[in-house]
>>> print(open('data26.csv').read())   # CSV, C-alpha atoms and all ligand atoms
chain,number,residue,atom,x,y,z
A,11,MET,CA,36.3,-6.8,2.3
A,12,PRO,CA,35.5,-8.9,5.4
A,13,THR,CA,32.4,-7.8,7.3
A,14,PRO,CA,31.8,-8.1,11.1
A,15,CYS,CA,29.0,-10.6,10.6
A,16,HIS,CA,29.8,-12.0,7.1
A,17,ARG,CA,26.6,-10.4,6.1
A,18,LEU,CA,25.7,-11.8,2.7
A,19,ASP,CA,26.9,-15.3,3.5
A,20,ARG,CA,25.0,-15.3,6.7
A,21,GLY,CA,21.9,-14.3,4.8
A,22,ARG,CA,22.3,-17.1,2.4
A,23,ASP,CA,22.8,-19.6,5.2
A,24,GLU,CA,19.6,-18.4,6.8
A,25,ALA,CA,17.7,-18.8,3.6
A,26,ALA,CA,18.9,-22.3,3.4
A,27,THR,CA,17.5,-23.1,6.8
A,28,ILE,CA,14.0,-21.9,6.1
A,29,GLY,CA,11.6,-22.5,9.0
A,30,ALA,CA,14.4,-22.8,11.5
A,31,ALA,CA,14.4,-20.8,14.8
A,32,SER,CA,14.3,-17.0,14.5
A,33,ALA,CA,17.5,-15.1,13.9
A,34,SER,CA,18.8,-13.2,16.9
A,35,HIS,CA,18.3,-9.4,17.2
A,36,THR,CA,22.0,-8.9,16.2
A,37,ALA,CA,21.7,-11.2,13.2
A,38,GLY,CA,18.6,-9.3,12.3
A,39,ALA,CA,20.4,-6.0,12.3
A,40,CYS,CA,23.1,-7.5,10.1
A,41,ALA,CA,20.4,-8.8,7.8
A,42,ARG,CA,18.9,-5.4,7.4
A,43,GLU,CA,22.3,-3.9,6.8
A,44,ALA,CA,23.0,-6.5,4.2
A,45,ALA,CA,19.7,-5.8,2.4
A,46,ARG,CA,20.5,-2.1,2.3
A,47,GLU,CA,23.9,-2.9,0.8
A,48,VAL,CA,22.3,-5.0,-1.9
A,49,GLN,CA,19.7,-2.2,-2.5
A,50,LEU,CA,22.4,0.4,-2.7
A,51,ALA,CA,24.4,-1.8,-5.1
A,52,ARG,CA,21.3,-1.9,-7.3
A,53,GLY,CA,20.6,1.8,-7.0
A,54,GLY,CA,17.7,1.4,-4.6
A,55,SER,CA,14.5,-0.5,-4.8
A,56,SER,CA,11.8,0.6,-7.1
A,57,LEU,CA,10.5,-2.8,-8.0
A,58,GLY,CA,7.4,-2.4,-5.9
A,59,LYS,CA,6.5,0.8,-7.8
A,60,LYS,CA,7.0,-1.0,-11.1
A,61,LEU,CA,4.8,-3.9,-10.3
A,62,LEU,CA,2.1,-2.0,-8.5
A,63,VAL,CA,-1.4,-1.6,-10.1
A,64,ALA,CA,-2.0,2.1,-9.6
A,65,PRO,CA,-5.4,2.5,-8.0
A,66,GLY,CA,-7.9,3.6,-10.6
A,67,SER,CA,-5.9,2.4,-13.5
A,68,LYS,CA,-7.0,-0.2,-16.1
A,69,VAL,CA,-4.8,-3.2,-16.3
A,70,ARG,CA,-4.0,-4.8,-19.7
A,71,LEU,CA,-2.3,-8.1,-19.0
A,72,ASP,CA,-1.4,-8.6,-22.7
A,73,ARG,CA,0.9,-5.6,-22.3
A,74,ILE,CA,2.8,-7.1,-19.4
A,75,ASP,CA,5.6,-9.6,-20.2
A,76,PRO,CA,5.5,-12.6,-18.0
A,77,ASP,CA,9.2,-13.2,-18.8
A,78,ASP,CA,10.2,-9.7,-17.6
A,79,THR,CA,12.8,-9.7,-14.8
A,80,HIS,CA,13.1,-5.9,-14.6
A,81,GLY,CA,16.8,-5.8,-15.0
A,82,PHE,CA,17.6,-8.5,-12.5
A,83,GLU,CA,19.7,-11.4,-13.6
A,84,LYS,CA,19.3,-15.0,-12.4
A,85,ALA,CA,23.1,-15.4,-12.0
A,86,LYS,CA,23.2,-12.5,-9.6
A,87,SER,CA,19.9,-13.1,-7.8
A,88,ASP,CA,20.9,-15.5,-5.0
A,89,PRO,CA,22.5,-13.0,-2.6
A,90,ILE,CA,19.7,-10.5,-3.3
A,91,VAL,CA,16.9,-13.0,-2.5
A,92,ALA,CA,18.9,-14.4,0.5
A,93,ALA,CA,19.3,-10.9,2.0
A,94,ASP,CA,15.5,-10.2,1.5
A,95,LEU,CA,14.6,-13.5,3.1
A,96,ALA,CA,16.8,-12.7,6.0
A,97,ARG,CA,15.1,-9.3,6.3
A,98,LEU,CA,11.7,-11.1,6.3
A,99,ARG,CA,12.8,-13.4,9.1
A,100,ASP,CA,14.0,-10.5,11.2
A,101,LEU,CA,11.0,-8.3,10.5
A,102,GLN,CA,8.5,-11.1,11.2
A,103,GLU,CA,10.1,-11.7,14.6
A,104,ARG,CA,9.7,-8.0,15.4
A,105,ILE,CA,6.0,-8.0,14.2
A,106,TRP,CA,5.3,-11.1,16.4
A,107,ALA,CA,7.2,-9.7,19.4
A,108,GLU,CA,5.6,-6.2,19.2
A,109,ASN,CA,2.1,-7.7,18.8
A,110,LYS,CA,0.8,-4.5,17.1
A,111,HIS,CA,0.7,-4.9,13.3
A,112,ARG,CA,-1.2,-7.4,11.1
A,113,LEU,CA,-0.3,-8.4,7.6
A,114,LEU,CA,-2.5,-10.1,5.0
A,115,ILE,CA,-0.9,-11.5,1.9
A,116,VAL,CA,-3.2,-12.6,-0.9
A,117,LEU,CA,-1.8,-14.8,-3.7
A,118,GLN,CA,-3.8,-15.3,-6.9
A,119,GLY,CA,-2.9,-16.7,-10.3
A,120,ILE,CA,-4.0,-19.1,-12.9
A,121,ASP,CA,-3.4,-22.9,-12.2
A,122,THR,CA,0.3,-23.6,-11.9
A,123,ALA,CA,1.2,-19.9,-11.6
A,124,GLY,CA,3.3,-20.7,-8.5
A,125,LYS,CA,1.2,-19.8,-5.5
A,126,GLY,CA,2.5,-22.8,-3.7
A,127,GLY,CA,6.1,-22.2,-4.7
A,128,THR,CA,5.9,-18.6,-3.5
A,129,ILE,CA,4.6,-19.8,-0.1
A,130,GLU,CA,7.4,-22.4,0.1
A,131,HIS,CA,10.3,-20.2,-1.0
A,132,VAL,CA,9.3,-16.7,0.3
A,133,MET,CA,6.9,-17.2,3.2
A,134,GLY,CA,9.1,-20.1,4.3
A,135,ALA,CA,11.3,-17.4,5.7
A,136,PHE,CA,8.7,-16.8,8.4
A,137,ASN,CA,8.7,-18.5,11.7
A,138,PRO,CA,5.5,-20.7,11.6
A,139,GLN,CA,4.7,-19.2,15.0
A,140,GLY,CA,2.8,-16.1,14.1
A,141,CYS,CA,2.2,-17.0,10.5
A,142,ARG,CA,-0.8,-18.8,9.0
A,143,VAL,CA,-1.5,-20.1,5.5
A,144,HIS,CA,-5.0,-20.7,4.4
A,145,ALA,CA,-5.9,-22.3,1.0
A,146,PHE,CA,-9.4,-21.5,-0.3
A,147,LYS,CA,-10.8,-24.6,-2.0
A,148,VAL,CA,-14.2,-25.3,-3.6
A,149,PRO,CA,-16.7,-24.1,-0.9
A,150,THR,CA,-18.2,-26.7,1.3
A,151,ALA,CA,-22.0,-27.0,1.7
A,152,ASP,CA,-21.8,-25.1,5.0
A,153,GLU,CA,-19.7,-22.3,3.4
A,154,LEU,CA,-22.2,-22.1,0.5
A,155,ALA,CA,-25.0,-21.7,2.9
A,156,HIS,CA,-23.4,-18.4,4.0
A,157,ASP,CA,-22.3,-15.2,2.3
A,158,TYR,CA,-18.9,-15.7,0.5
A,159,LEU,CA,-16.9,-13.6,3.0
A,160,TRP,CA,-18.1,-15.8,5.9
A,161,ARG,CA,-15.4,-18.3,5.3
A,162,VAL,CA,-12.8,-15.7,4.8
A,163,HIS,CA,-13.0,-13.5,7.8
A,164,PRO,CA,-11.9,-16.1,10.4
A,165,HIS,CA,-8.6,-16.4,8.6
A,166,VAL,CA,-7.5,-12.7,8.6
A,167,PRO,CA,-4.5,-11.9,10.8
A,168,GLY,CA,-4.8,-10.9,14.4
A,169,ARG,CA,-2.3,-8.5,16.0
A,170,GLY,CA,1.3,-9.7,15.5
A,171,GLU,CA,0.3,-12.2,12.9
A,172,ILE,CA,0.8,-12.7,9.2
A,173,SER,CA,-1.9,-14.5,7.2
A,174,ILE,CA,-1.2,-15.8,3.7
A,175,PHE,CA,-4.2,-16.6,1.4
A,176,ASP,CA,-3.6,-19.2,-1.3
A,177,ARG,CA,-6.5,-18.1,-3.4
A,178,SER,CA,-9.0,-16.0,-1.6
A,179,HIS,CA,-12.3,-14.1,-1.7
A,180,TYR,CA,-11.3,-13.1,-5.2
A,181,GLU,CA,-12.4,-16.5,-6.5
A,182,GLN,CA,-15.9,-15.0,-6.2
A,183,VAL,CA,-15.0,-12.7,-9.2
A,184,LEU,CA,-12.8,-15.3,-10.9
A,185,VAL,CA,-14.0,-18.9,-11.1
A,186,VAL,CA,-17.5,-17.9,-10.0
A,187,ARG,CA,-17.7,-15.4,-12.9
A,188,VAL,CA,-16.0,-17.5,-15.5
A,189,MET,CA,-17.9,-20.7,-14.8
A,190,GLY,CA,-21.2,-18.9,-14.4
A,191,LEU,CA,-21.8,-20.0,-10.8
A,192,GLU,CA,-23.7,-16.8,-10.1
A,193,PRO,CA,-25.6,-14.5,-12.4
A,194,LYS,CA,-23.7,-11.5,-13.6
A,195,SER,CA,-26.1,-9.2,-11.7
A,196,ARG,CA,-24.7,-10.8,-8.5
A,197,TRP,CA,-21.0,-11.2,-9.2
A,198,ARG,CA,-20.6,-7.7,-10.5
A,199,GLN,CA,-21.5,-6.4,-7.0
A,200,HIS,CA,-18.6,-8.3,-5.5
A,201,TYR,CA,-16.0,-5.8,-6.5
A,202,ASP,CA,-17.4,-3.1,-4.3
A,203,GLU,CA,-18.1,-5.5,-1.5
A,204,ILE,CA,-14.6,-6.8,-1.6
A,205,ASN,CA,-13.2,-3.2,-1.6
A,206,ALA,CA,-15.4,-2.4,1.4
A,207,PHE,CA,-14.3,-5.6,3.2
A,208,GLU,CA,-10.6,-4.9,2.6
A,209,GLN,CA,-11.1,-1.2,3.6
A,210,LEU,CA,-12.6,-2.4,6.9
A,211,LEU,CA,-9.6,-4.6,7.6
A,212,ALA,CA,-7.2,-1.8,6.7
A,213,ASP,CA,-9.1,0.7,8.8
A,214,ASP,CA,-8.7,-1.7,11.7
A,215,GLY,CA,-4.9,-1.8,11.2
A,216,THR,CA,-4.3,-4.6,8.8
A,217,THR,CA,-1.7,-4.1,6.1
A,218,ILE,CA,-2.8,-5.9,2.9
A,219,LEU,CA,-0.6,-6.9,-0.1
A,220,LYS,CA,-2.1,-8.8,-3.0
A,221,PHE,CA,0.0,-10.5,-5.6
A,222,PHE,CA,-1.2,-11.7,-9.0
A,223,LEU,CA,1.4,-14.2,-10.4
A,224,LEU,CA,1.4,-13.8,-14.2
A,225,ILE,CA,2.5,-16.7,-16.4
A,226,ASP,CA,1.7,-17.2,-20.1
A,227,ARG,CA,-0.1,-20.1,-21.8
A,228,ASP,CA,3.1,-21.8,-23.0
A,229,GLU,CA,4.5,-21.8,-19.5
A,230,GLN,CA,1.3,-23.3,-18.1
A,231,ARG,CA,1.4,-26.0,-20.8
A,232,GLU,CA,4.9,-26.9,-19.7
A,233,ARG,CA,4.1,-26.9,-16.0
A,234,LEU,CA,0.9,-29.0,-16.5
A,235,GLN,CA,2.9,-31.4,-18.7
A,236,ALA,CA,5.5,-31.7,-16.0
A,237,ARG,CA,2.8,-32.6,-13.5
A,238,ILE,CA,1.6,-35.3,-15.8
A,239,ASP,CA,5.1,-36.7,-16.7
A,240,ASP,CA,6.9,-36.4,-13.3
A,241,PRO,CA,5.7,-39.1,-10.9
A,242,ARG,CA,6.5,-36.8,-8.0
A,243,LYS,CA,4.3,-34.1,-9.3
A,244,ARG,CA,1.3,-36.2,-10.5
A,245,TRP,CA,-0.6,-35.7,-7.2
A,246,LYS,CA,-1.0,-32.0,-8.2
A,247,PHE,CA,-2.7,-32.7,-11.5
A,248,ARG,CA,-6.5,-32.8,-12.0
A,249,MET,CA,-8.2,-33.5,-15.3
A,250,GLY,CA,-10.2,-30.4,-14.4
A,251,ASP,CA,-7.1,-28.3,-14.9
A,252,LEU,CA,-7.4,-28.9,-18.6
A,253,ASP,CA,-11.0,-27.6,-18.6
A,254,THR,CA,-9.9,-24.5,-16.8
A,255,ARG,CA,-7.1,-24.0,-19.3
A,256,LYS,CA,-9.8,-23.9,-22.1
A,257,HIS,CA,-11.2,-20.8,-20.4
A,258,TRP,CA,-7.8,-19.0,-20.4
A,259,ASP,CA,-9.0,-15.8,-22.1
A,260,ASP,CA,-12.1,-15.6,-19.8
A,261,TYR,CA,-9.9,-16.0,-16.7
A,262,LEU,CA,-7.5,-13.3,-17.9
A,263,ALA,CA,-10.4,-10.9,-18.5
A,264,ALA,CA,-11.7,-11.7,-15.0
A,265,PHE,CA,-8.3,-11.1,-13.5
A,266,GLU,CA,-8.0,-7.8,-15.4
A,267,ASP,CA,-11.2,-6.6,-13.9
A,268,ALA,CA,-10.3,-7.8,-10.4
A,269,LEU,CA,-6.9,-6.1,-10.6
A,270,SER,CA,-8.4,-2.9,-12.1
A,271,LYS,CA,-11.4,-2.5,-9.8
A,272,CYS,CA,-9.8,-3.7,-6.6
A,273,SER,CA,-6.3,-2.2,-6.4
A,274,THR,CA,-6.8,0.5,-3.7
A,275,ASP,CA,-4.5,2.4,-1.4
A,276,ALA,CA,-5.8,0.2,1.4
A,277,ALA,CA,-5.2,-3.0,-0.5
A,278,PRO,CA,-2.9,-2.7,-3.5
A,279,TRP,CA,-2.5,-5.4,-6.2
A,280,TYR,CA,0.9,-6.2,-7.6
A,281,VAL,CA,1.3,-8.0,-11.0
A,282,VAL,CA,4.4,-10.2,-10.7
A,283,PRO,CA,5.8,-11.6,-14.0
A,284,ALA,CA,6.1,-15.2,-12.9
A,285,ASN,CA,7.4,-17.3,-15.9
A,286,HIS,CA,10.8,-17.2,-14.1
A,287,LYS,CA,10.3,-18.7,-10.6
A,288,TRP,CA,13.5,-17.1,-9.3
A,289,PHE,CA,12.2,-13.6,-10.3
A,290,ARG,CA,8.8,-14.3,-8.9
A,291,ASN,CA,10.4,-15.1,-5.5
A,292,LEU,CA,12.7,-12.1,-5.6
A,293,ALA,CA,9.9,-9.7,-6.4
A,294,VAL,CA,7.5,-11.0,-3.8
A,295,ALA,CA,10.2,-11.2,-1.1
A,296,ARG,CA,11.3,-7.7,-1.9
A,297,ILE,CA,7.9,-6.1,-1.8
A,298,VAL,CA,6.8,-7.9,1.4
A,299,ALA,CA,10.1,-7.0,3.1
A,300,ASP,CA,10.0,-3.4,2.1
A,301,THR,CA,6.4,-3.1,3.3
A,302,LEU,CA,7.2,-4.7,6.7
A,303,GLU,CA,10.2,-2.4,7.0
A,304,ASP,CA,8.0,0.6,6.4
A,305,LEU,CA,5.9,-0.5,9.4
A,306,ASP,CA,9.1,-0.2,11.5
A,307,PRO,CA,8.2,-3.0,14.0
A,308,GLN,CA,10.2,-2.8,17.2
A,309,ILE,CA,11.3,-5.4,19.7
A,310,PRO,CA,9.3,-4.4,22.8
A,311,PRO,CA,11.1,-3.4,26.1
A,312,PRO,CA,11.1,-6.0,28.9
A,313,VAL,CA,7.6,-6.3,30.5
A,314,GLU,CA,9.1,-5.5,33.9
A,315,PRO,CA,12.3,-3.9,35.0
A,316,ILE,CA,15.3,-6.3,35.1
A,317,PRO,CA,17.7,-5.6,37.9
A,318,PRO,CA,21.2,-4.9,36.6
A,319,GLY,CA,23.5,-7.9,36.8
A,320,LEU,CA,20.6,-10.3,37.5
A,321,GLU,CA,21.9,-13.9,37.2
A,322,VAL,CA,19.8,-17.0,36.9
A,323,GLU,CA,20.8,-19.6,39.6
B,401,LIG,P1,-3.2,-25.3,-8.3
B,401,LIG,O1,-1.9,-25.7,-7.5
B,401,LIG,O2,-3.3,-26.1,-9.5
B,401,LIG,O3,-3.2,-23.8,-8.5
B,401,LIG,P2,-4.7,-25.4,-5.9
B,401,LIG,O4,-3.6,-26.1,-5.2
B,401,LIG,O5,-4.9,-24.0,-5.6
B,401,LIG,O6,-4.5,-25.7,-7.4
B,401,LIG,P3,-7.0,-27.0,-5.9
B,401,LIG,O7,-7.6,-27.8,-4.8
B,401,LIG,O8,-6.6,-27.8,-7.1
B,401,LIG,O9,-5.9,-26.2,-5.3
B,401,LIG,O10,-8.0,-25.9,-6.4
B,401,LIG,C1,-8.9,-25.3,-5.6
B,401,LIG,C2,-10.1,-25.1,-6.4
B,401,LIG,O11,-11.1,-24.4,-5.6
B,401,LIG,C3,-9.9,-24.3,-7.7
B,401,LIG,O12,-10.4,-24.9,-8.8
B,401,LIG,C4,-10.7,-23.0,-7.4
B,401,LIG,O13,-11.2,-22.4,-8.5
B,401,LIG,C5,-11.8,-23.6,-6.5
B,401,LIG,N1,-12.5,-22.5,-5.7
B,401,LIG,C6,-11.9,-21.7,-4.8
B,401,LIG,N2,-12.8,-20.8,-4.3
B,401,LIG,C7,-14.0,-21.1,-5.0
B,401,LIG,C8,-15.3,-20.5,-4.9
B,401,LIG,N3,-15.6,-19.5,-4.1
B,401,LIG,N4,-16.2,-21.1,-5.7
B,401,LIG,C9,-15.9,-22.1,-6.5
B,401,LIG,N5,-14.7,-22.7,-6.6
B,401,LIG,C10,-13.8,-22.2,-5.8
>>> encode(input="data26.csv", output="structure tokens", more="lines below")
Ligand code: ATP
Amino acid sequence: MPTPCHRLDRGRDEAATIGAASASHTAGACAREAAREVQLARGGSSLGKKLLVAPGSKVRLDRIDPDDTHGFEKAKSDPIVAADLARLRDLQERIWAENKHRLLIVLQGIDTAGKGGTIEHVMGAFNPQGCRVHAFKVPTADELAHDYLWRVHPHVPGRGEISIFDRSHYEQVLVVRVMGLEPKSRWRQHYDEINAFEQLLADDGTTILKFFLLIDRDEQRERLQARIDDPRKRWKFRMGDLDTRKHWDDYLAAFEDALSKCSTDAAPWYVVPANHKWFRNLAVARIVADTLEDLDPQIPPPVEPIPPGLEVE
């Protein structure tokens, strides 16, 4: 049946022009309508609930299948993702225009889990104006001379902004713990400190979403091998990645603790099965879009009255 705005096709077009100018208000309304249609067709969206780490629960990563696609099929996923990306584009425009809400998205995962791919394919829907990505690398000497949150705080979102963390303050209970960069007596304190920090951000009006991208060892082996074999991917490979891989079990244990101790109402963790990149993108896009929709951001009224019929000469 033809639709007034060719809803799903338009969504797909928008997804293909990631990073282009924002969709108009009318197109945004169409995008939301399209997303609702897709949701209704699927019997509603409960994906976020399925992937959420319930606050207070103990995560066992060996009981979560990194291949799981929760009933979604790759062959049917394109219009679903396209509709959610169109929602994201529209909602971010509203967030930016309204200048009220702030959103922090944290991405964590073992090497090659797909943090960069998620940023490219999902966050690429956002207009770069009002969206910041920060990658947390090995701390500089200056950063090491301060407490570990010192380098994090300047990158949290201001009003109207979305900040995306590629790695984050959680490295302080991941690499720091696994590689013994601090004594246990110190890193074990970080869980409470991180919860307090995130609670502070939330109390001040920041919405926080944290995604752990779960792949398995075989998938990582294939992705690392591809980085070695493919000349276009070699720049991403470091010999150190192989050392990190040797600590796989220690990293998973550290991730389990971080997820279990730091999934809170103020800053929930989601475990996203990420062996299938298309499902990873679908899940993250869906959860971010649903969260932004719950904030119900509104295009603000004109800042001053506009006389009816005003024409620009
Ligand atoms: P990949 O794409 O393989 O996941 P990457 O693109 O995230 O890697 P890299 O520059 O290769 O980026 O890795 C960043 C490195 O910085 C990681 O090895 C990470 O463990 C390290 N790092 C981040 N934060 C800290 C910290 N607080 N202390 C020590 N090392 C840290």
>>> closest_residue(input="data26.csv", among="A:Ala145, A:Ala299, A:Val322, A:Val166", to="ligand LIG 401 (chain B)", atoms="only C-alpha atoms and all ligand atoms")
A:Ala145
>>> residues_near_ligand(input="data26.csv", ligand="ligand LIG 401 (chain B)", cutoff="10 Å", atoms="all atoms listed in the file", output="PyMOL selection string")
chain A and resi 117-127+145-150+153-154+158-159+161+176-189+191-192+233-234+237+245-248+250-251+254
>>> atom_distance(input="data26.csv", atom1="atom CA of Arg227 of chain A", atom2="atom CA of Tyr280 of chain A")
19.9 Å
>>> residues_around(input="data26.csv", residues="Glu303 of chain A", least_positions_apart="4", cutoff="9 Å", atoms="only C-alpha atoms", output="PyMOL selection string")
chain A and resi 97-98+101+298-299+307
>>> atom_distance(input="data26.csv", atom1="atom CA of Pro76 of chain A", atom2="atom CA of Pro283 of chain A")
4.1 Å
>>> closest_residue(input="data26.csv", among="A:Leu62, A:Val162, A:Ala96, A:Leu269", to="Leu114 of chain A", atoms="all atoms listed in the file")
A:Val162
>>> residues_around(input="data26.csv", residues="Leu302 of chain A", least_positions_apart="5", cutoff="12 Å", atoms="all atoms listed in the file", output="JSON, numbers by chain")
{"A": [42, 94, 97, 98, 99, 100, 101, 102, 103, 104, 105, 106, 111, 112, 113, 114, 115, 170, 171, 172, 216, 217, 218, 219, 295, 296, 297, 307, 308]}
>>> atom_distance(input="data26.csv", atom1="atom CA of Lys287 of chain A", atom2="atom CA of Ala64 of chain A")
24.2 Å
>>> build_atoms(input="data26.csv", residues="segment 243-254 of chain A", atoms="N, CA and C atoms", output="CSV table (one decimal), in the coordinates of the input")
chain,number,residue,atom,x,y,z
A,243,LYS,N,5.2,-35.2,-9.2
A,243,LYS,CA,4.3,-34.1,-9.3
A,243,LYS,C,2.8,-34.5,-9.7
A,244,ARG,N,2.6,-35.8,-10.0
A,244,ARG,CA,1.3,-36.2,-10.5
A,244,ARG,C,0.2,-35.9,-9.5
A,245,TRP,N,0.5,-35.9,-8.2
A,245,TRP,CA,-0.6,-35.7,-7.2
A,245,TRP,C,-1.2,-34.3,-7.4
A,246,LYS,N,-0.5,-33.4,-8.0
A,246,LYS,CA,-1.0,-32.0,-8.2
A,246,LYS,C,-1.9,-31.9,-9.3
A,247,PHE,N,-1.9,-32.9,-10.2
A,247,PHE,CA,-2.7,-32.7,-11.5
A,247,PHE,C,-4.1,-33.2,-11.3
A,248,ARG,N,-5.0,-32.4,-11.9
A,248,ARG,CA,-6.5,-32.8,-12.0
A,248,ARG,C,-6.9,-32.7,-13.4
A,249,MET,N,-7.7,-33.6,-13.9
A,249,MET,CA,-8.2,-33.5,-15.3
A,249,MET,C,-8.9,-32.1,-15.5
A,250,GLY,N,-9.5,-31.6,-14.4
A,250,GLY,CA,-10.2,-30.4,-14.4
A,250,GLY,C,-9.3,-29.2,-14.8
A,251,ASP,N,-8.0,-29.4,-14.5
A,251,ASP,CA,-7.1,-28.3,-14.9
A,251,ASP,C,-7.1,-28.0,-16.4
A,252,LEU,N,-7.3,-29.1,-17.2
A,252,LEU,CA,-7.4,-28.9,-18.6
A,252,LEU,C,-8.6,-28.2,-19.1
A,253,ASP,N,-9.7,-28.4,-18.3
A,253,ASP,CA,-11.0,-27.6,-18.6
A,253,ASP,C,-10.8,-26.2,-18.3
A,254,THR,N,-10.2,-25.9,-17.2
A,254,THR,CA,-9.9,-24.5,-16.8
A,254,THR,C,-9.0,-23.8,-17.8
